[in-house]
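**Q** My file is upload_39.cif. It has mmCIF, C-alpha atoms and all ligand atoms:
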data_structure
loop_
_atom_site.label_atom_id
_atom_site.label_comp_id
_atom_site.auth_asym_id
_atom_site.auth_seq_id
_atom_site.Cartn_x
_atom_site.Cartn_y
_atom_site.Cartn_z
CA MET A 1 -19.01 -36.33 30.60
CA SER A 2 -21.99 -38.13 31.98
CA PRO A 3 -24.68 -36.31 33.97
CA SER A 4 -23.43 -37.89 37.17
CA ASP A 5 -20.05 -36.18 36.85
CA ASP A 6 -21.57 -33.01 38.33
CA LYS A 7 -22.80 -34.96 41.33
CA LEU A 8 -19.22 -36.01 42.03
CA ALA A 9 -17.77 -32.49 41.97
CA ARG A 10 -17.84 -32.23 45.77
CA TYR A 11 -16.25 -35.66 46.07
CA ARG A 12 -13.37 -34.66 43.78
CA GLU A 13 -12.87 -31.27 45.44
CA LYS A 14 -12.13 -32.99 48.72
CA ARG A 15 -9.53 -35.41 47.36
CA ASP A 16 -6.10 -35.24 45.72
CA PRO A 17 -5.71 -38.22 43.37
CA ARG A 18 -1.90 -38.00 43.74
CA ARG A 19 -2.23 -38.69 47.45
CA THR A 20 -5.10 -41.12 47.95
CA ARG A 21 -5.84 -44.40 46.23
CA GLU A 22 -9.58 -43.83 46.45
CA PRO A 23 -11.27 -44.10 43.02
CA MET A 24 -11.87 -40.83 41.17
CA GLY A 25 -13.86 -42.34 38.30
CA GLY A 26 -17.34 -41.26 37.43
CA ALA A 27 -20.35 -43.48 36.96
CA ASN A 28 -19.84 -46.49 34.79
CA ARG A 29 -22.35 -49.27 34.72
CA ARG A 30 -21.08 -50.71 31.46
CA GLY A 31 -19.57 -54.12 31.91
CA ARG A 32 -21.81 -54.96 34.82
CA ASP A 33 -23.94 -57.95 34.00
CA ASP A 34 -26.34 -57.38 36.89
CA GLU A 35 -28.51 -54.30 36.58
CA ARG A 36 -29.84 -54.41 40.14
CA PRO A 37 -28.59 -51.45 42.18
CA ILE A 38 -25.94 -52.05 44.82
CA PHE A 39 -25.39 -50.92 48.38
CA VAL A 40 -22.21 -50.95 50.43
CA ILE A 41 -21.47 -50.30 54.09
CA GLN A 42 -17.86 -49.33 54.81
CA GLN A 43 -16.42 -49.23 58.29
CA HIS A 44 -14.22 -46.14 58.43
CA ASP A 45 -11.73 -45.51 61.19
CA ALA A 46 -11.29 -41.78 60.57
CA SER A 47 -11.08 -39.11 63.29
CA THR A 48 -14.07 -40.95 64.74
CA LEU A 49 -15.01 -44.52 63.89
CA HIS A 50 -18.20 -44.73 61.83
CA TYR A 51 -19.93 -46.72 59.13
CA ASP A 52 -20.57 -45.20 55.69
CA PHE A 53 -23.88 -46.39 54.29
CA ARG A 54 -24.02 -46.00 50.50
CA LEU A 55 -26.82 -46.70 48.02
CA GLU A 56 -26.55 -46.68 44.25
CA VAL A 57 -29.03 -44.06 43.02
CA ASP A 58 -28.94 -42.62 39.49
CA GLY A 59 -25.32 -43.49 38.76
CA VAL A 60 -23.66 -42.52 42.03
CA LEU A 61 -23.48 -43.81 45.59
CA ARG A 62 -25.68 -41.65 47.81
CA SER A 63 -23.92 -41.67 51.19
CA TRP A 64 -24.58 -41.25 54.90
CA ALA A 65 -22.15 -41.53 57.82
CA VAL A 66 -23.71 -43.68 60.56
CA PRO A 67 -21.71 -43.22 63.78
CA LYS A 68 -22.96 -46.40 65.48
CA GLY A 69 -23.52 -48.43 62.33
CA PRO A 70 -26.71 -50.21 61.30
CA SER A 71 -28.85 -52.17 63.76
CA THR A 72 -30.98 -55.24 63.14
CA ASP A 73 -33.33 -54.21 65.97
CA PRO A 74 -36.38 -52.30 64.67
CA ARG A 75 -36.64 -50.36 67.94
CA VAL A 76 -33.20 -48.82 67.44
CA LYS A 77 -32.88 -45.62 65.40
CA ARG A 78 -29.40 -44.90 64.16
CA LEU A 79 -28.31 -41.37 63.29
CA ALA A 80 -27.23 -41.05 59.64
CA ILE A 81 -25.49 -37.87 58.52
CA PRO A 82 -25.55 -37.23 54.76
CA THR A 83 -22.17 -36.96 53.05
CA GLU A 84 -21.15 -36.24 49.48
CA ASP A 85 -22.09 -38.61 46.64
CA HIS A 86 -19.35 -41.15 45.91
CA PRO A 87 -18.46 -42.82 42.59
CA LEU A 88 -19.84 -46.32 42.08
CA ALA A 89 -16.29 -47.68 42.06
CA TYR A 90 -16.02 -46.70 45.71
CA ALA A 91 -17.99 -49.85 46.57
CA ASP A 92 -14.76 -51.77 45.84
CA PHE A 93 -12.48 -49.57 47.95
CA GLU A 94 -10.85 -51.10 50.99
CA GLY A 95 -7.58 -49.68 52.24
CA VAL A 96 -5.93 -46.75 53.95
CA ILE A 97 -6.52 -43.07 53.18
CA PRO A 98 -3.18 -41.39 54.01
CA GLU A 99 -2.61 -38.85 56.76
CA GLY A 100 -3.29 -35.32 55.63
CA SER A 101 -5.99 -36.43 53.18
CA TYR A 102 -9.73 -35.96 53.62
CA GLY A 103 -11.11 -38.86 55.66
CA ALA A 104 -7.64 -40.12 56.60
CA GLY A 105 -7.85 -43.57 58.12
CA THR A 106 -8.69 -47.16 57.32
CA VAL A 107 -11.70 -48.29 55.27
CA LEU A 108 -13.11 -51.82 55.34
CA ILE A 109 -15.96 -53.22 53.23
CA TRP A 110 -18.23 -54.32 56.10
CA ASP A 111 -21.20 -55.40 53.96
CA ARG A 112 -22.19 -55.24 50.33
CA GLY A 113 -24.89 -56.53 48.02
CA HIS A 114 -27.87 -55.57 45.95
CA TYR A 115 -30.92 -53.73 47.13
CA ARG A 116 -34.37 -53.03 45.81
CA ASN A 117 -37.01 -50.38 46.25
CA LEU A 118 -39.64 -51.56 48.74
CA GLU A 119 -42.25 -49.50 46.92
CA GLU A 120 -43.66 -51.54 44.09
CA GLY A 121 -46.35 -51.17 41.48
CA ALA A 122 -47.47 -48.53 39.04
CA ASP A 123 -47.66 -45.76 41.66
CA ALA A 124 -44.30 -46.50 43.23
CA SER A 125 -41.88 -43.63 43.70
CA SER A 126 -38.27 -44.22 42.74
CA VAL A 127 -35.72 -44.34 45.55
CA ALA A 128 -34.40 -40.98 44.32
CA GLU A 129 -37.91 -39.51 44.64
CA GLN A 130 -38.37 -41.03 48.09
CA LEU A 131 -35.05 -39.59 49.26
CA ALA A 132 -36.08 -36.17 47.93
CA GLU A 133 -39.25 -36.49 50.04
CA GLY A 134 -37.17 -37.47 53.07
CA HIS A 135 -38.44 -41.02 53.55
CA ALA A 136 -37.17 -44.04 51.61
CA THR A 137 -37.75 -47.74 52.18
CA ILE A 138 -35.44 -50.35 50.69
CA TRP A 139 -34.77 -54.09 50.91
CA LEU A 140 -31.12 -55.07 51.42
CA GLU A 141 -29.64 -58.32 50.18
CA GLY A 142 -26.27 -58.20 51.86
CA GLN A 143 -24.05 -60.83 53.40
CA LYS A 144 -24.65 -59.48 56.92
CA LEU A 145 -27.76 -57.36 56.55
CA GLN A 146 -30.98 -58.47 54.91
CA GLY A 147 -34.50 -57.17 54.76
CA GLY A 148 -36.18 -53.82 54.95
CA TYR A 149 -34.60 -50.59 56.13
CA ALA A 150 -35.99 -47.08 56.22
CA LEU A 151 -34.04 -43.85 55.78
CA ILE A 152 -35.97 -41.03 57.40
CA HIS A 153 -35.06 -37.36 57.24
CA THR A 154 -35.66 -35.83 60.65
CA ARG A 155 -36.28 -32.11 60.61
CA LEU A 156 -34.59 -31.72 63.96
CA GLU A 157 -31.13 -30.31 64.45
CA GLN A 158 -31.12 -27.93 61.48
CA GLY A 159 -32.62 -30.56 59.21
CA LYS A 160 -29.32 -32.22 58.42
CA ASP A 161 -29.84 -35.56 60.04
CA TRP A 162 -31.46 -38.74 58.94
CA LEU A 163 -32.26 -41.93 60.79
CA LEU A 164 -31.51 -45.45 59.57
CA VAL A 165 -34.04 -47.90 61.03
CA LYS A 166 -34.62 -51.62 60.53
CA ILE A 167 -38.13 -52.40 59.36
CA ASP A 168 -39.87 -55.05 61.49
CA ASP A 169 -39.80 -58.05 59.16
CA ASP A 170 -38.47 -61.62 59.18
CA ALA A 171 -34.86 -60.41 59.07
CA ALA A 172 -35.30 -58.19 62.13
CA ASP A 173 -33.48 -59.55 65.18
CA ALA A 174 -33.04 -57.58 68.38
CA ARG A 175 -30.46 -60.07 69.68
CA ARG A 176 -28.06 -59.77 66.77
CA ASN A 177 -25.40 -57.14 67.02
CA PRO A 178 -23.49 -57.62 63.76
CA THR A 179 -21.29 -54.53 64.08
CA SER A 180 -19.77 -56.21 67.17
CA THR A 181 -19.95 -59.90 66.33
CA GLU A 182 -19.19 -59.75 62.59
CA PRO A 183 -16.40 -57.21 62.19
CA ALA A 184 -14.56 -58.72 59.21
CA SER A 185 -14.55 -57.47 55.63
CA VAL A 186 -17.03 -59.34 53.43
CA VAL A 187 -14.52 -59.10 50.56
CA THR A 188 -11.16 -60.01 52.14
CA GLY A 189 -12.10 -61.41 55.57
CA ARG A 190 -9.76 -58.90 57.20
CA THR A 191 -10.38 -56.83 60.30
CA LEU A 192 -9.80 -53.08 60.37
CA ALA A 193 -6.50 -53.63 62.19
CA GLN A 194 -5.35 -56.10 59.55
CA VAL A 195 -6.21 -53.72 56.71
CA ALA A 196 -4.32 -50.94 58.49
CA ALA A 197 -1.28 -53.15 59.10
CA GLU A 198 -1.13 -54.54 55.58
CA GLU A 199 -1.86 -51.38 53.61
CA GLY A 200 -0.86 -48.53 55.86
CA THR A 201 2.90 -48.79 55.76
CA ASP A 202 3.82 -48.53 52.08
CA ASP A 203 3.64 -44.74 51.79
CA ASP A 204 5.33 -43.11 48.78
MN MN A 301 -16.46 -42.00 56.21
#
Would you mind giving the structure from this file in structure tokens?
**A**
Amino acid sequence: MSPSDDKLARYREKRDPRRTREPMGGANRRGRDDERPIFVIQQHDASTLHYDFRLEVDGVLRSWAVPKGPSTDPRVKRLAIPTEDHPLAYADFEGVIPEGSYGAGTVLIWDRGHYRNLEEGADASSVAEQLAEGHATIWLEGQKLQGGYALIHTRLEQGKDWLLVKIDDDAADARRNPTSTEPASVVTGRTLAQVAAEEGTDDD
């Protein structure tokens, strides 16, 4: 058992491995030749369509559900609702979660890549420390999204909600709307409808 197994207890409680093909594995960085942490954004057509924003932090994917998805416009603040930590292997999951299972619906890998802490130097806080303080800044190196983003814990609405906001840098672009114009999976090139059609019919 690795320390991160405890962090995944909520994840496992919600899922039946006999029903869903989602990964159940714990943290495992061995075999990865690149030590930079990863991020993934998964479009998820569950009871409501949303984007799951996940950051590798201390051996798991810290996760937020972003109803409208990320924006590249620094003036736009996107609501981000924290969800349970996911295993690192979830960054490779694209497919259909069957009816009757938690999160039933289609998942597509909308963007993926490495990220780095925007705080640098001897006094820098880790991303885990910044998240604990309710304000983290990171630099994404994705295929669709690049540049700085901030995750900010608002203390409104019972303190549950965070905001995902583009930092105003060279990658900021108020005219881009990648959730609309770039819908395809960065791994397979498929749309959500194609994933659903190809993987949703071969139930037990
Ligand atoms: Mn989701």
**Q** List every protein, DNA or RNA residue with an atom no more than 10 Å from (-25.2, -45.4, 46.6) in the file's coordinates, counting only C-alpha atoms, and format the result as a list of chain:residue names.
**A**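 Taken together, the residues in range are A:Pro37, A:Ile38, A:Phe39, A:Val40, A:Ile41, A:Phe53, A:Arg54, A:Leu55, A:Glu56, A:Val57, A:Asp58, A:Gly59, A:Val60, A:Leu61, A:Arg62, A:Ser63, A:Trp64, A:Asp85, A:His86, A:Pro87, A:Leu88, A:Tyr90, A:Ala91.
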**Q** Of the candidates A:Arg21, A:His44, A:Lys14, A:Arg175, which one gets nearest to ligand MN 301 (chain A) if we count only C-alpha atoms and all ligand atoms?
**A** A:His44
**Q** Please extract the residues at most 8 Å from ligand MN 301 (chain A), counting only C-alpha atoms and all ligand atoms, and provide them as a VMD selection string, using the chain letters and residue numbers of this document.
**A** chain A and resid 42 to 46 50 to 52 65 103 107
**Q** With C-alpha atoms retained, export the selected residues as a PDB file, keeping the file's coordinate frame.
**A**
ATOM      1  CA  GLN A  42     -17.860 -49.330  54.810  1.00  0.00           C
ATOM      2  CA  GLN A  43     -16.420 -49.230  58.290  1.00  0.00           C
ATOM      3  CA  HIS A  44     -14.220 -46.140  58.430  1.00  0.00           C
ATOM      4  CA  ASP A  45     -11.730 -45.510  61.190  1.00  0.00           C
ATOM      5  CA  ALA A  46     -11.290 -41.780  60.570  1.00  0.00           C
ATOM      6  CA  HIS A  50     -18.200 -44.730  61.830  1.00  0.00           C
ATOM      7  CA  TYR A  51     -19.930 -46.720  59.130  1.00  0.00           C
ATOM      8  CA  ASP A  52     -20.570 -45.200  55.690  1.00  0.00           C
ATOM      9  CA  ALA A  65     -22.150 -41.530  57.820  1.00  0.00           C
ATOM     10  CA  GLY A 103     -11.110 -38.860  55.660  1.00  0.00           C
ATOM     11  CA  VAL A 107     -11.700 -48.290  55.270  1.00  0.00           C
TER      12      VAL A 107
END
**Q** Nearest residue to Asp169 (chain A) out of A:Trp139, A:Met24, A:Arg10, A:Glu120, using all atoms listed in the file?
**A**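 Result for the nearest residue to Asp169 (chain A): A:Trp139.
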**Q** Just the number, please: distance in Å from CA of Gly113 (chain A) to CA of Leu145 (chain A), one decimal.
**A**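 Calculated distance between CA of Gly113 (chain A) and CA of Leu145 (chain A) is 9.0 Å.
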**Q** How many Å lie between CA of Thr137 (chain A) and CA of Ala89 (chain A), rounded to one decimal?
**A**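 That distance, rounded to one decimal, is 23.7 Å.
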**Q** For the atom pair CA of Ala172 (chain A) and CA of Pro82 (chain A), what is the interatomic distance in Å to one decimal place?
**A** 24.3 Å
**Q** Nearest to His114 (chain A): which of A:Leu131, A:Val195, A:Leu140, A:Ile81 is it, counting only C-alpha atoms?
**A**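 Once distances to His114 (chain A) are computed over only C-alpha atoms, the minimum belongs to A:Leu140.
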**Q** Which residues, written as a count of residues only, have at least one atom at most 12 Å from Gln130 (chain A), with all atoms listed in the file counted and residues fewer than 6 positions away on the same chain left out?
**A** 12
**Q** Would you mind telling me which residue in A:Ser185, A:Thr154, A:Gln146, A:Ser71 lies nearest to Gly95 (chain A) when using all atoms listed in the file?
**A** A:Ser185
